>>> print(open('target.txt').read())   # compact mmCIF, C-alpha atoms
# COMPACT_ATOMS: atom_id res chain seq x y z
CA MET V 1459 -3.08 1.02 10.91
CA ALA V 1460 -1.78 4.35 9.62
CA GLU V 1461 -4.86 6.16 10.94
CA HIS V 1462 -4.42 4.48 14.33
CA PHE V 1463 -0.80 5.61 14.50
CA VAL V 1464 -1.70 9.16 13.46
CA LYS V 1465 -4.32 9.48 16.17
CA GLU V 1466 -1.70 8.41 18.72
CA GLY V 1467 0.52 11.27 17.53
CA PHE V 1468 2.92 9.67 15.07
CA VAL V 1469 3.84 11.06 11.66
CA VAL V 1470 3.27 8.25 9.14
CA HIS V 1471 5.10 8.04 5.81
CA LEU V 1472 3.86 5.57 3.18
CA ILE V 1473 5.33 4.78 -0.21
CA ASP V 1474 4.49 2.62 -3.20
CA LEU V 1475 7.63 0.77 -4.22
CA ARG V 1476 8.48 0.74 -7.92
CA GLY V 1477 6.24 -1.50 -9.99
CA SER V 1478 3.34 -1.52 -7.53
CA GLY V 1479 0.42 0.73 -6.77
CA PHE V 1480 0.48 4.13 -8.49
CA SER V 1481 4.25 4.24 -8.90
CA GLY V 1482 6.12 3.87 -12.14
CA GLY V 1483 8.20 0.93 -13.33
CA SER V 1484 7.29 -2.58 -14.31
CA HIS V 1485 6.04 -5.08 -11.77
CA GLY V 1486 8.26 -7.78 -10.30
CA VAL V 1487 11.45 -6.80 -12.13
CA ALA V 1488 13.18 -4.59 -9.58
CA SER V 1489 16.31 -5.82 -7.85
CA VAL V 1490 17.07 -5.50 -4.14
CA ASP V 1491 19.44 -2.55 -4.62
CA GLU V 1492 16.83 -0.58 -6.56
CA LEU V 1493 14.24 -1.23 -3.85
CA HIS V 1494 16.77 -0.07 -1.24
CA GLU V 1495 17.02 3.22 -3.12
CA ASP V 1496 13.25 3.63 -2.84
CA ILE V 1497 13.41 3.05 0.91
CA LYS V 1498 16.21 5.60 1.20
CA LEU V 1499 14.02 8.12 -0.66
CA LEU V 1500 11.28 7.49 1.90
CA LEU V 1501 13.71 7.97 4.79
CA GLN V 1502 14.80 11.32 3.36
CA GLN V 1503 11.22 12.59 3.63
CA ALA V 1504 11.17 12.06 7.39
CA GLY V 1505 12.36 14.96 9.53
CA LYS V 1506 15.55 14.68 11.56
CA ASP V 1507 14.06 16.17 14.71
CA LEU V 1508 11.86 13.16 15.48
CA PRO V 1509 12.93 9.55 16.26
CA LEU V 1510 12.32 7.30 13.28
CA PHE V 1511 10.74 3.84 13.31
CA LEU V 1512 10.55 1.44 10.39
CA TYR V 1513 7.59 -0.86 9.79
CA GLY V 1514 7.73 -3.59 7.17
CA HIS V 1515 5.43 -6.38 6.04
CA SER V 1516 6.61 -9.51 4.16
CA LEU V 1517 8.89 -8.28 1.34
CA GLY V 1518 9.20 -4.88 3.01
CA ALA V 1519 10.33 -6.53 6.25
CA SER V 1520 13.08 -8.51 4.56
CA LEU V 1521 14.12 -5.39 2.63
CA ILE V 1522 14.43 -3.44 5.88
CA ALA V 1523 16.45 -6.27 7.45
CA SER V 1524 18.89 -6.40 4.54
CA LEU V 1525 19.14 -2.59 4.44
CA LEU V 1526 20.01 -2.41 8.13
CA ILE V 1527 22.56 -5.22 7.87
CA ARG V 1528 24.36 -3.41 5.05
CA ASN V 1529 24.22 0.03 6.70
CA LYS V 1530 25.01 -0.39 10.38
CA TRP V 1531 25.14 3.27 11.37
CA LEU V 1532 21.70 4.41 10.21
CA ASN V 1533 20.13 6.60 12.88
CA ILE V 1534 16.97 4.55 13.47
CA SER V 1535 15.42 4.06 16.89
CA GLY V 1536 13.31 0.96 16.24
CA VAL V 1537 12.14 -1.66 13.75
CA ILE V 1538 8.85 -3.59 13.44
CA LEU V 1539 8.87 -6.63 11.14
CA THR V 1540 5.84 -8.82 10.41
CA SER V 1541 6.02 -12.12 8.47
CA ALA V 1542 9.47 -11.47 7.10
CA MET V 1543 10.02 -14.93 5.47
CA PHE V 1544 13.26 -15.65 7.31
CA GLU V 1545 12.53 -19.38 7.36
CA PHE V 1546 9.75 -21.92 6.81
CA ALA V 1547 7.57 -23.18 9.64
CA GLN V 1548 9.08 -26.14 11.47
CA GLU V 1549 5.92 -28.24 11.92
CA ARG V 1550 3.99 -28.33 8.65
CA LYS V 1551 1.94 -31.49 9.46
CA ILE V 1552 2.54 -33.36 6.21
CA ASN V 1553 2.02 -37.15 5.98
CA HIS V 1554 4.94 -39.50 5.33
CA LEU V 1555 3.39 -40.52 2.02
CA LYS V 1556 3.01 -36.92 0.88
CA ARG V 1557 6.53 -36.14 2.05
CA PHE V 1558 7.84 -39.08 0.02
CA PHE V 1559 6.07 -37.91 -3.12
CA ILE V 1560 7.22 -34.35 -2.57
CA ARG V 1561 10.82 -35.55 -2.33
CA LEU V 1562 10.39 -37.57 -5.52
CA PHE V 1563 8.56 -35.07 -7.72
CA GLY V 1564 9.15 -31.83 -5.84
CA GLY V 1565 11.89 -30.76 -8.19
CA TYR V 1566 9.53 -30.91 -11.15
CA PHE V 1567 6.78 -28.94 -9.45
CA GLU V 1568 8.69 -26.14 -7.81
CA VAL V 1569 6.29 -23.57 -9.14
CA CYS V 1570 3.23 -25.59 -8.06
CA ASP V 1571 1.54 -24.46 -4.87
CA ILE V 1572 1.88 -26.64 -1.76
CA PHE V 1573 -1.89 -26.50 -1.19
CA PHE V 1574 -2.40 -28.53 -4.34
CA LEU V 1575 -0.66 -31.48 -2.66
CA LYS V 1576 -2.83 -31.23 0.45
CA MET J 1444 8.29 16.60 -2.97
CA ASP J 1445 6.37 18.41 -5.67
CA LEU J 1446 3.13 19.95 -4.51
CA SER J 1447 2.93 22.60 -7.22
CA SER J 1448 -0.06 21.12 -9.04
CA THR J 1449 -2.12 20.34 -5.97
CA ARG J 1450 -5.61 21.23 -4.88
CA THR J 1451 -6.29 21.93 -1.23
CA THR J 1452 -9.66 21.47 0.42
CA ASP J 1453 -11.26 23.76 2.96
CA SER J 1454 -9.75 23.85 6.40
CA LYS J 1455 -13.03 23.17 8.19
CA CYS J 1456 -13.58 19.90 6.36
CA ASP J 1457 -13.46 16.63 8.32
CA LEU J 1458 -13.62 13.03 7.07
CA LYS J 1459 -17.42 13.02 6.73
CA GLY J 1460 -17.27 16.23 4.72
CA LEU J 1461 -14.65 14.69 2.46
CA GLU J 1462 -16.85 11.62 2.00
CA GLU J 1463 -19.92 13.67 1.03
CA GLU J 1464 -17.80 15.62 -1.44
CA ALA J 1465 -16.47 12.39 -2.94
CA ILE J 1466 -19.97 10.94 -3.41
CA LYS J 1467 -21.14 14.17 -5.10
CA ASN J 1468 -18.17 14.19 -7.45
CA ALA J 1469 -18.64 10.50 -8.25
CA ARG J 1470 -22.26 11.13 -9.25
CA ASN J 1471 -21.19 13.96 -11.54
CA GLN J 1472 -18.50 11.77 -13.10
CA SER J 1473 -20.93 8.90 -13.64
CA ASP J 1474 -23.39 11.26 -15.36
CA SER J 1475 -20.76 12.64 -17.70
CA ASN J 1476 -18.96 9.40 -18.55
CA ALA J 1477 -21.98 7.07 -18.46
CA TYR J 1478 -20.10 3.98 -17.31
CA ALA J 1479 -23.35 2.19 -16.47
CA GLY J 1480 -24.53 1.89 -20.07
CA THR J 1481 -21.35 0.35 -21.48
CA ALA J 1482 -22.67 -3.21 -21.47
CA GLU J 1483 -25.71 -2.24 -23.53
CA ARG J 1484 -23.67 -0.09 -25.87
CA GLN J 1485 -21.30 -2.88 -26.80
CA ARG J 1486 -24.14 -5.05 -28.08
CA VAL J 1487 -25.22 -2.41 -30.56
CA PRO J 1488 -22.83 -2.41 -33.55
CA SER J 1489 -24.21 0.74 -35.14
CA ASP J 1490 -22.91 3.01 -32.40
CA ASP J 1491 -21.16 6.22 -33.31
CA LEU J 1492 -17.44 5.55 -33.21
CA SER J 1493 -16.60 9.23 -33.16
CA GLU J 1494 -18.15 9.64 -29.70
CA ASN J 1495 -16.22 6.69 -28.35
CA HIS J 1496 -12.96 8.06 -29.66
CA SER J 1497 -13.62 11.46 -28.17
CA SER J 1498 -14.48 10.24 -24.67
CA GLY J 1499 -11.98 7.38 -24.67
CA SER J 1500 -13.22 5.75 -21.50
CA ALA J 1501 -16.71 4.93 -22.83
CA LYS J 1502 -15.56 1.83 -24.68
CA ARG J 1503 -13.58 -0.29 -22.30
CA LYS J 1504 -11.93 -3.62 -22.96
CA PHE J 1505 -12.16 -5.02 -19.43
CA VAL J 1506 -15.10 -4.69 -17.08
CA LYS J 1507 -14.81 -5.40 -13.36
CA VAL J 1508 -17.25 -8.16 -12.44
CA ASN J 1509 -18.55 -9.53 -9.12
CA ALA J 1510 -18.51 -13.19 -8.07
CA ARG J 1511 -22.14 -13.34 -9.24
CA GLY J 1512 -21.26 -11.96 -12.64
CA GLU J 1513 -22.75 -8.52 -12.07
CA GLU J 1514 -20.89 -5.40 -12.97
CA ASP J 1515 -19.05 -4.13 -9.91
CA LEU J 1516 -19.21 -0.37 -10.33
CA LEU J 1517 -19.86 0.64 -6.75
CA GLN J 1518 -17.04 0.58 -4.23
CA GLU J 1519 -18.08 -1.14 -1.01
CA LYS J 1520 -17.68 0.74 2.21
CA ILE J 1521 -16.13 -1.56 4.82
CA PHE J 1522 -15.26 0.68 7.76
CA GLU J 1523 -17.05 3.60 9.37
CA ASN J 1524 -14.40 6.16 8.48
CA ASP J 1525 -12.97 4.63 5.34
CA ILE J 1526 -10.16 6.67 3.76
CA ASN J 1527 -9.68 4.26 0.85
CA TYR J 1528 -13.41 4.51 0.06
CA ILE J 1529 -13.14 8.28 -0.21
CA PHE J 1530 -10.08 8.23 -2.42
CA THR J 1531 -11.27 5.50 -4.77
CA LYS J 1532 -14.72 7.07 -5.08
CA ASP J 1533 -13.41 10.48 -6.09
CA LYS J 1534 -10.71 10.51 -8.77
CA SER J 1535 -9.98 14.21 -8.24
CA LYS J 1536 -8.44 13.49 -4.83
CA PHE J 1537 -5.47 11.68 -6.31
CA ILE J 1538 -2.87 14.33 -5.52
CA GLY J 1539 -3.15 17.05 -2.92
CA GLU J 1540 -3.48 17.94 0.72
CA PHE J 1541 -6.68 16.93 2.53
CA LYS J 1542 -7.64 17.87 6.04
CA ALA J 1543 -9.55 15.66 8.45
CA ASP J 1544 -10.67 16.58 11.96
CA GLN J 1545 -7.57 15.28 13.77
CA TYR J 1546 -4.93 14.96 11.06
CA LYS J 1547 -4.08 15.91 7.51
CA ILE J 1548 -3.28 13.66 4.56
CA ILE J 1549 -0.75 14.62 1.89
CA ARG J 1550 -0.62 12.54 -1.29
CA GLY J 1551 1.76 13.09 -4.16
CA TYR J 1552 4.76 11.94 -6.12
CA ILE J 1553 8.44 11.93 -5.15
CA ASN J 1554 11.07 12.16 -7.85
CA GLY J 1555 13.18 9.03 -7.71
CA SER J 1556 16.32 8.15 -9.59
CA LYS J 1557 16.33 7.65 -13.39
CA HIS J 1558 13.19 9.73 -14.03
CA LEU J 1559 11.08 7.39 -11.92
CA ARG J 1560 8.35 8.84 -9.74
CA LEU J 1561 7.10 7.08 -6.64
CA TYR J 1562 3.71 7.60 -5.04
CA TYR J 1563 3.94 8.93 -1.49
CA THR J 1564 1.38 9.55 1.25
CA LYS J 1565 1.97 11.30 4.53
CA LEU J 1566 -0.34 11.43 7.54
CA GLU J 1567 0.39 14.08 10.13
CA ASN J 1568 -1.33 15.01 13.38
CA TYR J 1569 -2.03 18.70 14.03
CA HIS J 1570 -1.10 18.89 17.69
CA THR J 1571 1.14 16.05 18.89
CA ARG J 1572 4.27 14.75 17.16
CA ILE J 1573 5.89 11.88 19.06
CA ALA J 1574 7.84 10.03 16.40
CA SER J 1575 7.74 9.21 12.71
CA ILE J 1576 7.01 5.78 11.21
CA ALA J 1577 7.94 4.69 7.70
CA ILE J 1578 5.73 1.84 6.45
CA ILE J 1579 6.93 -0.37 3.58
CA HIS J 1580 4.54 -2.78 1.91
CA GLY J 1581 5.12 -6.31 0.64
CA TYR J 1582 5.19 -8.03 -2.72
CA GLY J 1583 2.09 -7.42 -4.84
CA GLU J 1584 0.64 -4.91 -2.40
CA HIS J 1585 0.39 -1.14 -2.28
CA SER J 1586 0.52 1.49 0.41
CA GLY J 1587 -3.26 1.97 0.58
CA ARG J 1588 -3.54 -1.44 2.23
CA PHE J 1589 -1.97 -0.12 5.41
CA LEU J 1590 -4.40 2.73 6.01
CA GLU J 1591 -7.13 0.82 7.85
CA VAL J 1592 -5.85 -2.65 8.65
CA LYS J 1593 -6.06 -1.90 12.37
CA PHE J 1594 -9.83 -1.36 12.28
CA LYS J 1595 -10.50 -4.74 10.73
CA ILE J 1596 -8.31 -6.51 13.28
CA SER J 1597 -9.66 -4.65 16.28
CA GLY J 1598 -13.16 -6.04 15.70
CA ILE J 1599 -11.92 -9.60 16.25
CA CYS J 1600 -9.31 -9.19 18.95
CA THR J 1601 -7.20 -6.47 20.49
CA ILE J 1602 -3.58 -6.32 19.42
CA ASN J 1603 -0.85 -4.45 21.22
CA PHE J 1604 1.95 -3.33 18.95
CA THR J 1605 5.23 -4.11 20.60
CA LEU J 1606 8.50 -2.58 19.53
CA PHE J 1607 11.44 -4.90 19.99
CA GLU J 1608 15.08 -5.04 19.07
CA LEU J 1609 16.33 -8.14 17.32
CA ARG J 1610 19.64 -9.37 18.59
CA TRP J 1611 21.26 -10.13 15.28
CA LEU J 1612 20.31 -6.72 13.90
CA SER J 1613 22.00 -4.77 16.66
CA ILE J 1614 25.44 -3.31 16.25
CA SER J 1615 27.19 -5.29 18.99
CA SER J 1616 26.48 -8.77 17.62
CA LYS J 1617 28.79 -10.39 15.12
CA ARG J 1618 26.32 -12.75 13.52
CA GLY J 1619 24.23 -11.56 10.61
CA LEU J 1620 21.70 -12.99 8.22
CA SER J 1621 23.47 -15.00 5.55
CA CYS J 1622 20.41 -15.86 3.47
CA ILE J 1623 19.67 -12.33 2.21
>>> encode(input="target.txt", output="structure tokens")
Amino acid sequence: MAEHFVKEGFVVHLIDLRGSGFSGGSHGVASVDELHEDIKLLLQQAGKDLPLFLYGHSLGASLIASLLIRNKWLNISGVILTSAMFEFAQERKINHLKRFFIRLFGGYFEVCDIFFLK
Amino acid sequence: MDLSSTRTTDSKCDLKGLEEEAIKNARNQSDSNAYAGTAERQRVPSDDLSENHSSGSAKRKFVKVNARGEEDLLQEKIFENDINYIFTKDKSKFIGEFKADQYKIIRGYINGSKHLRLYYTKLENYHTRIASIAIIHGYGEHSGRFLEVKFKISGICTINFTLFELRWLSISSKRGLSCI
């Protein structure tokens, strides 16, 4: 994806958030505000002469959404969000029996994966 | 961004040149470290401990294993021009500025807050500069995942990237997301 964008003529900036990849910090501990600071660091690397687009995937997408809601006047020309976990799918195709059991015991198995019940 | 301790490659080098370099360096590293013989070495108890302490990486706790149970030492090459393959093959290309035929890649660390350093890569075209894109990865991922995702997708179907403006993100609307 990055190589595709570069060949089109974009300047691509990539970062490893804290706790993942080659960056420092422990994994899965960071709060939303700390991750916002990392995104702000990335935005400082981009030059002011070019229009800036933000691309986010899953957690990154929801982070970008929350960052833009909190800071309205950021000078950003566009946003791309993929699978941003805003809500669950409406039609999940679960039987009535399974739905009944999920309602009964779902509270006990919150950590358990939904594919186990399929 | 600190690029003081960086190594730069030759300006005439393209991606294939980088790949050949990486394979050469990987062979030299494998000769010096001798990763391949670790499984046989662990069975022999009367091995010299002094050598293991000196090299450090010769005696490893965890060994990466295939689905068949074989030792997975060789990185598989998935795409034709695979950037991740080059960088994982050659450990000396961790930080620096590398030049391909159409663009250049800069990898390095940014100094974050509270003495935390974040890994940063930048891809820049030589001739045209339309706009800049900042890519942010998801939970349990890293930035190397977004280098060649497009190639894998484009074999199955063609995808047009569309840029759109969400209504509730724009300045004029009053409604916002309450869940985040």
>>> residues_near_point(input="target.txt", point="(4.9, -0.5, 11.9)", cutoff="10 Å", atoms="all atoms listed in the file", output="list in words")
Met1459, Ala1460, Phe1463, Val1470, Phe1511, Leu1512, Tyr1513, Gly1514, His1515, Ala1519, Gly1536, Val1537, Ile1538, Leu1539 and Thr1540 of chain V; Ile1576, Ala1577, Ile1578, Ile1579, Phe1589, Phe1604, Thr1605 and Leu1606 of chain J
>>> closest_residue(input="target.txt", among="J:Gly1551, J:Gly1512, J:Gly1539, J:Gly1583", to="chain V", atoms="only C-alpha atoms")
J:Gly1583
>>> interface_residues(input="target.txt", of="chain J", to="chain V", cutoff="7 Å", atoms="only C-alpha atoms", output="short mmCIF file (atom, residue, chain, number, x, y, z; two decimals) with C-alpha atoms, keeping the file's coordinate frame")
data_model
loop_
_atom_site.label_atom_id
_atom_site.label_comp_id
_atom_site.auth_asym_id
_atom_site.auth_seq_id
_atom_site.Cartn_x
_atom_site.Cartn_y
_atom_site.Cartn_z
CA LEU J 1559 11.08 7.39 -11.92
CA ARG J 1560 8.35 8.84 -9.74
CA LEU J 1561 7.10 7.08 -6.64
CA TYR J 1562 3.71 7.60 -5.04
CA TYR J 1563 3.94 8.93 -1.49
CA THR J 1564 1.38 9.55 1.25
CA LYS J 1565 1.97 11.30 4.53
CA LEU J 1566 -0.34 11.43 7.54
CA GLU J 1567 0.39 14.08 10.13
CA ASN J 1568 -1.33 15.01 13.38
CA THR J 1571 1.14 16.05 18.89
CA ARG J 1572 4.27 14.75 17.16
CA ILE J 1573 5.89 11.88 19.06
CA ALA J 1574 7.84 10.03 16.40
CA SER J 1575 7.74 9.21 12.71
CA ILE J 1576 7.01 5.78 11.21
CA ALA J 1577 7.94 4.69 7.70
CA ILE J 1578 5.73 1.84 6.45
CA ILE J 1579 6.93 -0.37 3.58
CA HIS J 1580 4.54 -2.78 1.91
CA GLY J 1581 5.12 -6.31 0.64
CA TYR J 1582 5.19 -8.03 -2.72
CA GLY J 1583 2.09 -7.42 -4.84
CA GLU J 1584 0.64 -4.91 -2.40
CA HIS J 1585 0.39 -1.14 -2.28
CA SER J 1586 0.52 1.49 0.41
CA PHE J 1589 -1.97 -0.12 5.41
CA LEU J 1590 -4.40 2.73 6.01
CA GLU J 1591 -7.13 0.82 7.85
CA VAL J 1592 -5.85 -2.65 8.65
CA LYS J 1593 -6.06 -1.90 12.37
CA LEU J 1606 8.50 -2.58 19.53
CA GLU J 1608 15.08 -5.04 19.07
CA LEU J 1612 20.31 -6.72 13.90
CA ILE J 1614 25.44 -3.31 16.25
CA ILE J 1623 19.67 -12.33 2.21
#
>>> atom_distance(input="target.txt", atom1="CA of Ile1466 (chain J)", atom2="CA of Ile1553 (chain J)")
28.5 Å
>>> closest_residue(input="target.txt", among="J:Lys1536, J:Lys1520, J:Ala1510, J:Asp1525", to="Glu1464 (chain J)", atoms="all atoms listed in the file")
J:Lys1536
>>> atom_distance(input="target.txt", atom1="CA of Tyr1569 (chain J)", atom2="CA of Ile1549 (chain J)")
12.9 Å
>>> atom_distance(input="target.txt", atom1="CA of Ala1543 (chain J)", atom2="CA of Leu1461 (chain J)")
7.9 Å
